[in-house]
Structures are given as C-alpha cells and as structure tokens.
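Input: a single structure, listed below in structure tokens.
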Amino acid sequence: MPVTDVTHDFESLNLTIVAEFAAPVQRIWDLYADPRQLEKVWGPPSHPATFVSHELTVGARTTYFMTGPEGEKYAGYWIVTLVEEPTRFCFDDGFADEDFNPNPDMPVSKNEFRFEAIDSGTRAIFSSTYESRQGLEKVLAMGVIEGASSAINQIDEFLLA
Amino acid sequence: MLQASEDRADALFHALADRTRRDILRRVFAGEHSVSTLAGAYDMSFAAVQKHVAVLERAGLLNKRRRGREALASGDVEAVRSASELLLELEGIWRGRIGRIEALLDQSSADDTRRGGATHTEKSKD
C-alpha cells in the first residue's frame with residue numbers, strides 16, 4: 001500500500017495524503033505534466049477523465065471532463081498557480097460548464113502537490129483545501145449521486161443479462 | 001427503528017432509480033433552483049417535474065422553501081453527513097488515484113523491461 005499518512009483537518013477543511021512510489025521524482029512529475037498519463041489516473045474507473053488542454057506552467061488553464069456510465073459529461077478546470085519542476089506545483093480545481101466556463105455556484109479547491117526524493121523513490125504529498133464545508137459537501141454529494149448512478153446501472157445490466 | 005431505516009432506504013433508492021430525478025439532484029446540489037426553472041429544462045409537463053421533485057423531497061434528498069409564489073428547491077446533504085465523513089470520502093477518491101498511479105508506474109516499468117532499455121530492473125515489490 002503506497003499511502004503512508006493521511007491527515008484530515010476539520011477546521012481548515014484540508015485533506016493531506018502522503019504516498020510513496022517506487023519511481024524517481026522526475027517520473028512522477030512527468031506523469032502529472034503529460035495529459036495522456038494524467039487522464040489514466042484522475043477519474044475513477046466508472047468516470048474516466050479526458051484532458052482537453054493541460055500544461056504545467058504558471059497561469060495555464062487545464063480543461064478536462066469526466067464521462068459517466070450513461071455518457072453524461074462533467075467538466076472541470078484547473079488554474080496552475082505555482083510551478084517548481086520537478087518537486088512542487090499548485091493549482092485551483094473547479095467545476096465548469098460544457099464550454100469549460102467556470103461554474104461560480106460550485107466550490108473551488110486549492111491544491112498543492114509536492115514530490116521529494118527518498119531512498120525507495122519518491123514521497124508525494126497531496127494537499128487539498130476547500131473554502132467552506134458547504135463547498136466540500138457539494139463536491140461529495142455529486143460523487144455520491146454518480147456512485148449511486150453507476151451502482152444502479154450495474155443492477156440494470158445484471159437484470160438485462 | 002429498523003423498519004424506519006428500511007423505509008428510508010427504499011425511498012432513497014426509488015428516488016435515485018430514475019434518470020430525470022438524478023439530473024434534477026445534480027442541478028439542485030449545484031445551486032438552488034425554482035421548480036419552474038427546473039421544469040423548463042425537461043421535455044415534460046410542469047406537473048411531471050413537480051412530481052419528481054416531491055419524490056426527492058420525500059427521500060430527504062431535497063429541501064423546498066417558498067419565496068413569494070415560487071417554490072425553490074435545493075439539495076440537502078447537511079442532514080446526513082458530518083465533516084469527518086466528508087473528508088473520509090474525499091480520502092477514498094485520493095486513495096483511488098494513488099492506486100492508479102502505482103498501477104501506471106508498474107505498467108510503464110514493465111514496458112521498459114520488455115524494450116530492454118531498463119536501467120532500474122532490480123525494483124523490489126513488497
């Protein structure tokens with residue numbers, strides 16, 4: 001199990017996860033810099049991600065969407081706010097409409113990803129912060145609805161088989 | 001008490017087992033909507049949309065309040081969650097991503113080995 005530490009801070013609505021990977025820091029950085037690799041890890045299997053634009057440079061805007069089991073699309077965007085290749089980058093992650101215009105009704109999370117060299121490879125520290133508890137609830141409520149949708153689809157497939 | 005939670009689960013799954021109702025939920029979780037605005041988004045009668053909203057309300061997924069002549073609907077998550085549960089769920093999403101990163105790294109180092117270009121073949125696996 002590569003996850004070595006998890007911290008929940010209820011006051012600041014921050015989640016920090018530390019994981020160790022058996023690969024050099026540059027390899028992990030390359031994964032995040034390459035949209036074709038990033039999309040393989042970003043969305044859960046039920047909602048694969050497609051990155052339309054993505055570049056790790058300050059001010060760059062990443063656009064992506066996830067596709068649900070019924071073909072429904074959920075768009076999101078990042079604004080890259082800090083880049084220190086290959087050890088650290090920060091970005092704001094938010095929801096968007098189908099044309100990738102930010103959705104002001106949905107919360108934006110602030111994220112900091114850090115990669116440190118260790119003997120066995122890389123220690124990655126992923127930190128994600130929401131501004132309000134209501135914001136965090138909205139994001140997760142979306143996930144719960146999608147989770148229920150894919151569970152229901154599986155039942156449908158089972159019944160049709 | 002068990003009966004009550006079984007009834008609640010029935011109401012919840014019944015509410016979620018319909019595509020239009022799931023779509024309505026996505027909208028009301030993203031922000032408060034009037035029932036008439038929601039009705040305008042679907043190719044069905046106002047009464048039919050109103051019925052869907054009522055099913056969601058009975059399942060405890062949606063709250064309604066009145067503003068003048070309008071009925072405003074919003075998603076209700078506050079009632080069923082604590083902050084720690086929320087962060088645990090988020091942790092689950094992140095653990096999923098980290099698992100996929102590991103799988104991708106394993107896959108690409110296996111590809112390197114096949115191409116015979118690997119310089120780090122003594123990778124240990126625990």
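Letters A, B, ... mark the chains of the structure tokens in the order given; residue numbers begin at 1 per chain; ligand numbers begin at 1, in order shown.
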For Glu55 (chain A): contacts at 7 Å, only C-alpha atoms, fewer than 5 positions along chain excluded, given as a tab-separated table (two decimals) with C-alpha atoms, in the first residue's frame:
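In the end it all went to part-v4.tsv:
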```tsv
chain	number	residue	atom	x	y	z
A	33	ALA	CA	2.88	17.02	-16.86
A	60	ALA	CA	-2.04	27.90	-17.66
A	62	THR	CA	-6.21	22.94	-17.76
```
Report task. Name the residues of region 38-73 of chain A that come out as alpha helix (DSSP H) in a backbone DSSP run; write them as a PyMOL selection string. Result -> chain A and resi 38-42
Report task. Find the residue from A:Asn14, A:Gln26, A:Thr7, A:Thr63 that sits nearest to Ser109 (chain A); use only C-alpha atoms when measuring. Result ->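 Closest residue, counting only C-alpha atoms: A:Asn14.
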Requested in this report: Have a look at CA of Gly92 (chain B) and CA of Val52 (chain A) and let me know their distance in Å, one decimal.
Outcome: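 Separating CA of Gly92 (chain B) from CA of Val52 (chain A) is a distance of 25.4 Å.
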Requested in this report: Using only C-alpha atoms, pick whichever of B:Ile101, B:Ser36, B:Gln107, B:Arg66 has the shortest atom-to-atom distance to chain A.
Outcome: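 Comparing B:Ile101, B:Ser36, B:Gln107, B:Arg66 against chain A, the winner is B:Ile101.
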Query raised in the report: With only C-alpha atoms as the basis for distance, which of A:Leu15, A:Met106, A:Met66, A:Ile79 is at the shortest distance from Pro45 (chain A)?
Result: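 Ranked by minimum distance to Pro45 (chain A), first place goes to A:Met66.
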Query raised in the report: Near Lys73 (chain A), within 9 Å and counting only C-alpha atoms, which residues show up once chain neighbours fewer than 5 positions away are dropped, as a PyMOL selection string?
Result: chain A and resi 47+65-68+98
I need the residues from that last selection saved to file as a PDB file, in the first residue's frame (with C-alpha atoms), if you can.
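The result, stored in result-v4.pdb:
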```pdb
ATOM      1  CA  HIS A  47     -15.899   8.073 -14.745  1.00  0.00           C
ATOM      2  CA  PHE A  65     -14.132  16.317 -18.424  1.00  0.00           C
ATOM      3  CA  MET A  66     -15.172  13.033 -16.919  1.00  0.00           C
ATOM      4  CA  THR A  67     -17.620  10.746 -18.678  1.00  0.00           C
ATOM      5  CA  GLY A  68     -20.160   8.820 -16.617  1.00  0.00           C
ATOM      6  CA  GLU A  98     -19.746  22.176 -21.213  1.00  0.00           C
TER       7      GLU A  98
END
```
Requested in this report: Write out as an MDAnalysis selection string the residues lying within 12 Å of Asn103 (chain A), counting only C-alpha atoms and excluding same-chain residues fewer than 3 positions away.
Outcome: (chainID A and resid 74:77 93:100 106:108) or (chainID B and resid 27 30:31)
Residues just named, written with N, CA and C atoms as a short mmCIF file (atom, residue, chain, number, x, y, z; two decimals), in the first residue's frame:
```cif
data_model
loop_
_atom_site.label_atom_id
_atom_site.label_comp_id
_atom_site.auth_asym_id
_atom_site.auth_seq_id
_atom_site.Cartn_x
_atom_site.Cartn_y
_atom_site.Cartn_z
N TYR A 74 -19.02 15.62 -17.16
CA TYR A 74 -18.82 16.60 -16.10
C TYR A 74 -17.51 17.31 -16.37
N ALA A 75 -17.59 18.61 -16.60
CA ALA A 75 -16.38 19.34 -16.98
C ALA A 75 -15.75 20.02 -15.77
N GLY A 76 -14.43 20.14 -15.81
CA GLY A 76 -13.71 20.83 -14.75
C GLY A 76 -12.54 21.59 -15.33
N TYR A 77 -11.95 22.43 -14.48
CA TYR A 77 -10.78 23.18 -14.95
C TYR A 77 -9.78 23.33 -13.80
N ASP A 93 -8.76 23.93 -8.49
CA ASP A 93 -9.55 22.95 -9.25
C ASP A 93 -11.03 23.28 -9.07
N GLY A 94 -11.73 23.52 -10.18
CA GLY A 94 -13.15 23.86 -10.08
C GLY A 94 -13.99 23.16 -11.13
N PHE A 95 -15.30 23.36 -11.03
CA PHE A 95 -16.24 22.78 -12.00
C PHE A 95 -16.51 23.79 -13.12
N ALA A 96 -16.91 23.26 -14.26
CA ALA A 96 -17.17 24.14 -15.41
C ALA A 96 -18.40 23.67 -16.16
N ASP A 97 -18.90 24.54 -17.05
CA ASP A 97 -19.98 24.08 -17.93
C ASP A 97 -19.37 23.36 -19.14
N GLU A 98 -20.24 22.98 -20.09
CA GLU A 98 -19.75 22.18 -21.21
C GLU A 98 -18.72 22.90 -22.07
N ASP A 99 -18.75 24.25 -22.02
CA ASP A 99 -17.77 25.03 -22.79
C ASP A 99 -16.56 25.42 -21.93
N PHE A 100 -16.45 24.77 -20.76
CA PHE A 100 -15.34 25.00 -19.84
C PHE A 100 -15.34 26.38 -19.20
N MET A 106 -20.30 26.34 -7.91
CA MET A 106 -19.61 25.18 -7.34
C MET A 106 -18.28 25.61 -6.73
N PRO A 107 -17.87 24.90 -5.69
CA PRO A 107 -16.66 25.32 -4.97
C PRO A 107 -15.37 25.06 -5.76
N VAL A 108 -14.34 25.80 -5.38
CA VAL A 108 -13.01 25.62 -5.96
C VAL A 108 -12.10 25.12 -4.85
N ARG B 27 -28.56 19.27 -10.41
CA ARG B 27 -28.79 20.70 -10.52
C ARG B 27 -28.99 21.35 -9.16
N ALA B 30 -25.93 21.76 -7.09
CA ALA B 30 -25.04 22.81 -7.59
C ALA B 30 -25.56 24.20 -7.22
N GLY B 31 -26.85 24.32 -6.89
CA GLY B 31 -27.40 25.62 -6.52
C GLY B 31 -28.91 25.54 -6.44
#
```
